[in-house]
Amino acid sequence: MGSKNNNALFYTCSLIEFIGRTVKRKREEVTDYLGKERIKRIYEYADVFHCEPIEKTADEFIEEAGITEGNFDNVKMCHYTVPDYWDIGEVYERLIEDAYEDSELMKGLWEVYHSWIDAQISDYNTDFYYQPRDYIAACYEEGVVL
């Protein structure tokens with residue numbers, strides 16, 4: 001559907017992932033804290049934010065959005081090699097691109113993070129997150145792991 005390899009979307013999803021790991025919150029909760037306007041700002045200025053260390057940008061948004069520490073630690077729960085936050089950001093980016101038109105990427109981002117698939121991608125003890133992108137998109141469309 002959408003254009004492939006949208007760098008701004010990739011950065012936005014990776015930052016959400018990084019923040020989630022930092023504050024131990026589900027990625028859906030991170031998007032709720034950030035809100036649609038802030039996420040849109042991250043997306044629109046991704047090339048600028050990308051010049052800074054991701055830790056610094058994450059800290060600024062955690063503070064600005066008042067994101068508090070949670071107890072969702074999917075990194076600690078992982079029994080295998082933990083995927084890099086850039087790798088997980090790419091999974092979300094591709095899914096959003098595959099499931100939504102270019103004009104609907106922000107709507108798509110919100111819907112993907114607020115759907116059942118967020119918990120599925122965040123479970124690093126399954127092999128779901130490294131399945132082919134077309135398979136993940138098909139699962140999302142069907143509403144179930146196929």
# chains A, B, ... in the order shown; residues from 1 in each chain; ligands from 1
>>> residues_around(residues="A:Ile67", least_positions_apart="6", cutoff="12 Å", atoms="only C-alpha atoms", output="ChimeraX atom specification")
/A:16,19-20,22-27,29-35,58-61
>>> residues_around(residues="A:Gln120", least_positions_apart="6", cutoff="9 Å", atoms="only C-alpha atoms", output="PDB file with N, CA and C atoms, in the first residue's frame")
ATOM      1  N   THR A 126       8.688 -15.317  20.973  1.00  0.00           N
ATOM      2  CA  THR A 126       8.120 -15.987  19.806  1.00  0.00           C
ATOM      3  C   THR A 126       8.961 -15.560  18.605  1.00  0.00           C
ATOM      4  N   PHE A 128       7.572 -14.352  15.965  1.00  0.00           N
ATOM      5  CA  PHE A 128       6.653 -13.547  15.151  1.00  0.00           C
ATOM      6  C   PHE A 128       7.313 -12.313  14.544  1.00  0.00           C
ATOM      7  N   TYR A 129       8.074 -11.579  15.372  1.00  0.00           N
ATOM      8  CA  TYR A 129       8.610 -10.294  14.914  1.00  0.00           C
ATOM      9  C   TYR A 129       9.599 -10.412  13.757  1.00  0.00           C
ATOM     10  N   VAL A 145      -2.984 -14.461  14.314  1.00  0.00           N
ATOM     11  CA  VAL A 145      -1.758 -15.070  13.783  1.00  0.00           C
ATOM     12  C   VAL A 145      -2.175 -16.249  12.919  1.00  0.00           C
TER      13      VAL A 145
END
>>> closest_residue(among="A:Arg21, A:Ile42, A:Glu37, A:Thr12", to="A:Asn71", atoms="only C-alpha atoms")
A:Arg21
>>> closest_residue(among="A:Val48, A:Leu105, A:Leu9, A:Leu15", to="A:Tyr85", atoms="only C-alpha atoms")
A:Leu15
>>> closest_residue(among="A:Val144, A:Met77, A:Cys13, A:Ile88", to="A:Ser115", atoms="only C-alpha atoms")
A:Val144
>>> atom_distance(atom1="atom CA of A:Glu93", atom2="atom CA of A:Ile117")
13.1 Å
>>> atom_distance(atom1="atom CA of A:Ala119", atom2="atom CA of A:Asp47")
28.2 Å
>>> residues_around(residues="A:Glu28", least_positions_apart="4", cutoff="8 Å", atoms="only C-alpha atoms", output="ChimeraX atom specification")
/A:32,113-114,118
>>> atom_distance(atom1="atom CA of A:Ile62", atom2="atom CA of A:Gly89")
17.6 Å
>>> residues_around(residues="A:Pro83", least_positions_apart="2", cutoff="12 Å", atoms="only C-alpha atoms", output="number ranges by chain")
A: 14, 17-18, 21, 74-76, 78-81, 85-91, 121-130
>>> select_by_dssp(residues="stretch 9-93 of chain A", states="alpha helix (DSSP H)", output="VMD selection string")
chain A and resid 9 to 23 27 to 44 46 to 49 54 to 65 85 to 93
>>> decode(residues="chain A", atoms="C-alpha atoms", output="PDB file, in the first residue's frame")
ATOM      1  CA  MET A   1       0.000   0.000   0.000  1.00  0.00           C
ATOM      2  CA  GLY A   2       2.339   2.726   1.248  1.00  0.00           C
ATOM      3  CA  SER A   3       5.748   3.633  -0.110  1.00  0.00           C
ATOM      4  CA  LYS A   4       8.434   1.271   1.070  1.00  0.00           C
ATOM      5  CA  ASN A   5      11.195   2.277   3.468  1.00  0.00           C
ATOM      6  CA  ASN A   6       9.848   5.532   4.811  1.00  0.00           C
ATOM      7  CA  ASN A   7      12.798   6.749   6.912  1.00  0.00           C
ATOM      8  CA  ALA A   8      10.696   9.161   8.979  1.00  0.00           C
ATOM      9  CA  LEU A   9       8.244   6.404   9.883  1.00  0.00           C
ATOM     10  CA  PHE A  10      11.136   4.032  10.638  1.00  0.00           C
ATOM     11  CA  TYR A  11      12.672   6.577  13.015  1.00  0.00           C
ATOM     12  CA  THR A  12       9.332   7.337  14.696  1.00  0.00           C
ATOM     13  CA  CYS A  13       8.618   3.649  15.354  1.00  0.00           C
ATOM     14  CA  SER A  14      12.186   3.022  16.546  1.00  0.00           C
ATOM     15  CA  LEU A  15      11.955   5.965  18.959  1.00  0.00           C
ATOM     16  CA  ILE A  16       8.647   4.640  20.335  1.00  0.00           C
ATOM     17  CA  GLU A  17      10.361   1.273  20.820  1.00  0.00           C
ATOM     18  CA  PHE A  18      13.379   2.872  22.500  1.00  0.00           C
ATOM     19  CA  ILE A  19      11.176   4.923  24.840  1.00  0.00           C
ATOM     20  CA  GLY A  20       9.112   1.831  25.681  1.00  0.00           C
ATOM     21  CA  ARG A  21      12.231  -0.068  26.693  1.00  0.00           C
ATOM     22  CA  THR A  22      13.577   2.892  28.671  1.00  0.00           C
ATOM     23  CA  VAL A  23      10.418   3.455  30.753  1.00  0.00           C
ATOM     24  CA  LYS A  24       9.260  -0.192  30.737  1.00  0.00           C
ATOM     25  CA  ARG A  25       5.908   0.517  29.179  1.00  0.00           C
ATOM     26  CA  LYS A  26       3.884  -1.238  26.514  1.00  0.00           C
ATOM     27  CA  ARG A  27       4.323   0.494  23.186  1.00  0.00           C
ATOM     28  CA  GLU A  28       0.608   1.293  23.081  1.00  0.00           C
ATOM     29  CA  GLU A  29       1.033   3.142  26.397  1.00  0.00           C
ATOM     30  CA  VAL A  30       3.985   5.082  24.980  1.00  0.00           C
ATOM     31  CA  THR A  31       1.839   6.293  22.073  1.00  0.00           C
ATOM     32  CA  ASP A  32      -0.928   7.286  24.513  1.00  0.00           C
ATOM     33  CA  TYR A  33       1.519   9.339  26.583  1.00  0.00           C
ATOM     34  CA  LEU A  34       3.059  10.964  23.514  1.00  0.00           C
ATOM     35  CA  GLY A  35      -0.307  11.650  21.874  1.00  0.00           C
ATOM     36  CA  LYS A  36      -1.056  12.106  18.186  1.00  0.00           C
ATOM     37  CA  GLU A  37       0.314  15.650  17.862  1.00  0.00           C
ATOM     38  CA  ARG A  38       3.677  14.804  19.401  1.00  0.00           C
ATOM     39  CA  ILE A  39       3.987  11.650  17.287  1.00  0.00           C
ATOM     40  CA  LYS A  40       3.217  13.708  14.194  1.00  0.00           C
ATOM     41  CA  ARG A  41       5.958  16.161  15.227  1.00  0.00           C
ATOM     42  CA  ILE A  42       8.470  13.331  15.671  1.00  0.00           C
ATOM     43  CA  TYR A  43       7.494  12.040  12.227  1.00  0.00           C
ATOM     44  CA  GLU A  44       7.727  15.443  10.533  1.00  0.00           C
ATOM     45  CA  TYR A  45      11.108  16.323  12.093  1.00  0.00           C
ATOM     46  CA  ALA A  46      12.588  12.813  12.128  1.00  0.00           C
ATOM     47  CA  ASP A  47      15.552  13.866   9.989  1.00  0.00           C
ATOM     48  CA  VAL A  48      16.438  16.533  12.574  1.00  0.00           C
ATOM     49  CA  PHE A  49      15.927  14.258  15.609  1.00  0.00           C
ATOM     50  CA  HIS A  50      17.922  11.524  13.882  1.00  0.00           C
ATOM     51  CA  CYS A  51      21.021  13.765  14.055  1.00  0.00           C
ATOM     52  CA  GLU A  52      20.935  13.602  17.860  1.00  0.00           C
ATOM     53  CA  PRO A  53      21.687  10.482  19.942  1.00  0.00           C
ATOM     54  CA  ILE A  54      18.420   8.559  20.312  1.00  0.00           C
ATOM     55  CA  GLU A  55      18.925   8.473  24.120  1.00  0.00           C
ATOM     56  CA  LYS A  56      18.852  12.282  24.236  1.00  0.00           C
ATOM     57  CA  THR A  57      15.760  12.576  22.029  1.00  0.00           C
ATOM     58  CA  ALA A  58      13.989   9.844  24.004  1.00  0.00           C
ATOM     59  CA  ASP A  59      14.780  11.558  27.313  1.00  0.00           C
ATOM     60  CA  GLU A  60      13.416  14.871  26.021  1.00  0.00           C
ATOM     61  CA  PHE A  61      10.131  13.295  24.931  1.00  0.00           C
ATOM     62  CA  ILE A  62       9.828  11.214  28.116  1.00  0.00           C
ATOM     63  CA  GLU A  63      10.157  14.432  30.127  1.00  0.00           C
ATOM     64  CA  GLU A  64       7.935  16.547  27.867  1.00  0.00           C
ATOM     65  CA  ALA A  65       5.150  13.944  27.797  1.00  0.00           C
ATOM     66  CA  GLY A  66       5.529  13.118  31.499  1.00  0.00           C
ATOM     67  CA  ILE A  67       5.965   9.404  30.829  1.00  0.00           C
ATOM     68  CA  THR A  68       6.357   7.561  34.115  1.00  0.00           C
ATOM     69  CA  GLU A  69       8.124   4.270  34.744  1.00  0.00           C
ATOM     70  CA  GLY A  70       6.012   1.165  34.214  1.00  0.00           C
ATOM     71  CA  ASN A  71       6.701  -2.525  34.813  1.00  0.00           C
ATOM     72  CA  PHE A  72       6.502  -3.974  31.288  1.00  0.00           C
ATOM     73  CA  ASP A  73      10.009  -5.308  30.647  1.00  0.00           C
ATOM     74  CA  ASN A  74       9.857  -7.444  27.530  1.00  0.00           C
ATOM     75  CA  VAL A  75      13.625  -7.166  27.185  1.00  0.00           C
ATOM     76  CA  LYS A  76      14.168  -8.817  30.588  1.00  0.00           C
ATOM     77  CA  MET A  77      11.511 -11.442  29.817  1.00  0.00           C
ATOM     78  CA  CYS A  78      13.305 -12.414  26.620  1.00  0.00           C
ATOM     79  CA  HIS A  79      15.037 -15.816  26.886  1.00  0.00           C
ATOM     80  CA  TYR A  80      16.850 -15.413  23.590  1.00  0.00           C
ATOM     81  CA  THR A  81      18.816 -12.724  21.812  1.00  0.00           C
ATOM     82  CA  VAL A  82      16.959  -9.434  22.283  1.00  0.00           C
ATOM     83  CA  PRO A  83      16.175  -7.781  18.942  1.00  0.00           C
ATOM     84  CA  ASP A  84      17.616  -4.314  18.454  1.00  0.00           C
ATOM     85  CA  TYR A  85      15.150  -1.426  18.858  1.00  0.00           C
ATOM     86  CA  TRP A  86      15.912  -0.428  15.241  1.00  0.00           C
ATOM     87  CA  ASP A  87      14.899  -3.947  14.140  1.00  0.00           C
ATOM     88  CA  ILE A  88      11.584  -3.717  15.975  1.00  0.00           C
ATOM     89  CA  GLY A  89      11.054  -0.165  14.698  1.00  0.00           C
ATOM     90  CA  GLU A  90      11.434  -1.581  11.196  1.00  0.00           C
ATOM     91  CA  VAL A  91       8.807  -4.279  11.857  1.00  0.00           C
ATOM     92  CA  TYR A  92       6.269  -1.615  12.847  1.00  0.00           C
ATOM     93  CA  GLU A  93       7.300   0.681   9.994  1.00  0.00           C
ATOM     94  CA  ARG A  94       6.844  -2.047   7.373  1.00  0.00           C
ATOM     95  CA  LEU A  95       3.512  -3.177   8.808  1.00  0.00           C
ATOM     96  CA  ILE A  96       2.148   0.372   8.778  1.00  0.00           C
ATOM     97  CA  GLU A  97       3.423   0.905   5.211  1.00  0.00           C
ATOM     98  CA  ASP A  98       1.930  -2.390   4.052  1.00  0.00           C
ATOM     99  CA  ALA A  99      -1.462  -1.886   5.694  1.00  0.00           C
ATOM    100  CA  TYR A 100      -2.089   1.826   5.047  1.00  0.00           C
ATOM    101  CA  GLU A 101      -1.863   4.334   2.217  1.00  0.00           C
ATOM    102  CA  ASP A 102       0.830   7.045   2.374  1.00  0.00           C
ATOM    103  CA  SER A 103      -1.806   9.651   3.261  1.00  0.00           C
ATOM    104  CA  GLU A 104      -2.906   7.550   6.252  1.00  0.00           C
ATOM    105  CA  LEU A 105       0.429   6.671   7.858  1.00  0.00           C
ATOM    106  CA  MET A 106      -0.219   8.568  11.107  1.00  0.00           C
ATOM    107  CA  LYS A 107      -3.680   6.996  11.411  1.00  0.00           C
ATOM    108  CA  GLY A 108      -2.076   3.642  10.628  1.00  0.00           C
ATOM    109  CA  LEU A 109       0.623   4.111  13.248  1.00  0.00           C
ATOM    110  CA  TRP A 110      -1.995   4.849  15.908  1.00  0.00           C
ATOM    111  CA  GLU A 111      -4.182   1.893  14.904  1.00  0.00           C
ATOM    112  CA  VAL A 112      -1.316  -0.609  14.730  1.00  0.00           C
ATOM    113  CA  TYR A 113       0.010   0.322  18.181  1.00  0.00           C
ATOM    114  CA  HIS A 114      -3.537   0.136  19.585  1.00  0.00           C
ATOM    115  CA  SER A 115      -4.274  -3.278  18.097  1.00  0.00           C
ATOM    116  CA  TRP A 116      -3.672  -6.864  19.244  1.00  0.00           C
ATOM    117  CA  ILE A 117      -0.528  -7.072  17.131  1.00  0.00           C
ATOM    118  CA  ASP A 118       1.401  -4.704  19.422  1.00  0.00           C
ATOM    119  CA  ALA A 119       1.582  -7.392  22.141  1.00  0.00           C
ATOM    120  CA  GLN A 120       2.484 -10.006  19.528  1.00  0.00           C
ATOM    121  CA  ILE A 121       5.411  -8.004  18.127  1.00  0.00           C
ATOM    122  CA  SER A 122       6.590  -7.172  21.667  1.00  0.00           C
ATOM    123  CA  ASP A 123       6.800 -10.848  22.672  1.00  0.00           C
ATOM    124  CA  TYR A 124      10.433 -11.588  21.838  1.00  0.00           C
ATOM    125  CA  ASN A 125      10.056 -15.213  22.967  1.00  0.00           C
ATOM    126  CA  THR A 126       8.120 -15.987  19.806  1.00  0.00           C
ATOM    127  CA  ASP A 127       9.475 -15.838  16.274  1.00  0.00           C
ATOM    128  CA  PHE A 128       6.653 -13.547  15.151  1.00  0.00           C
ATOM    129  CA  TYR A 129       8.610 -10.294  14.914  1.00  0.00           C
ATOM    130  CA  TYR A 130      11.114 -11.684  12.408  1.00  0.00           C
ATOM    131  CA  GLN A 131       8.584 -13.265  10.066  1.00  0.00           C
ATOM    132  CA  PRO A 132       8.384 -11.879   6.492  1.00  0.00           C
ATOM    133  CA  ARG A 133       6.674  -8.518   6.257  1.00  0.00           C
ATOM    134  CA  ASP A 134       3.879  -9.798   3.985  1.00  0.00           C
ATOM    135  CA  TYR A 135       3.029 -12.504   6.531  1.00  0.00           C
ATOM    136  CA  ILE A 136       2.875  -9.987   9.405  1.00  0.00           C
ATOM    137  CA  ALA A 137       0.689  -7.685   7.286  1.00  0.00           C
ATOM    138  CA  ALA A 138      -1.634 -10.601   6.429  1.00  0.00           C
ATOM    139  CA  CYS A 139      -1.953 -11.499  10.133  1.00  0.00           C
ATOM    140  CA  TYR A 140      -2.769  -7.873  10.967  1.00  0.00           C
ATOM    141  CA  GLU A 141      -5.411  -7.713   8.227  1.00  0.00           C
ATOM    142  CA  GLU A 142      -6.999 -10.980   9.448  1.00  0.00           C
ATOM    143  CA  GLY A 143      -6.803 -10.007  13.120  1.00  0.00           C
ATOM    144  CA  VAL A 144      -5.091 -13.258  14.086  1.00  0.00           C
ATOM    145  CA  VAL A 145      -1.758 -15.070  13.783  1.00  0.00           C
ATOM    146  CA  LEU A 146      -2.199 -17.232  10.719  1.00  0.00           C
TER     147      LEU A 146
END
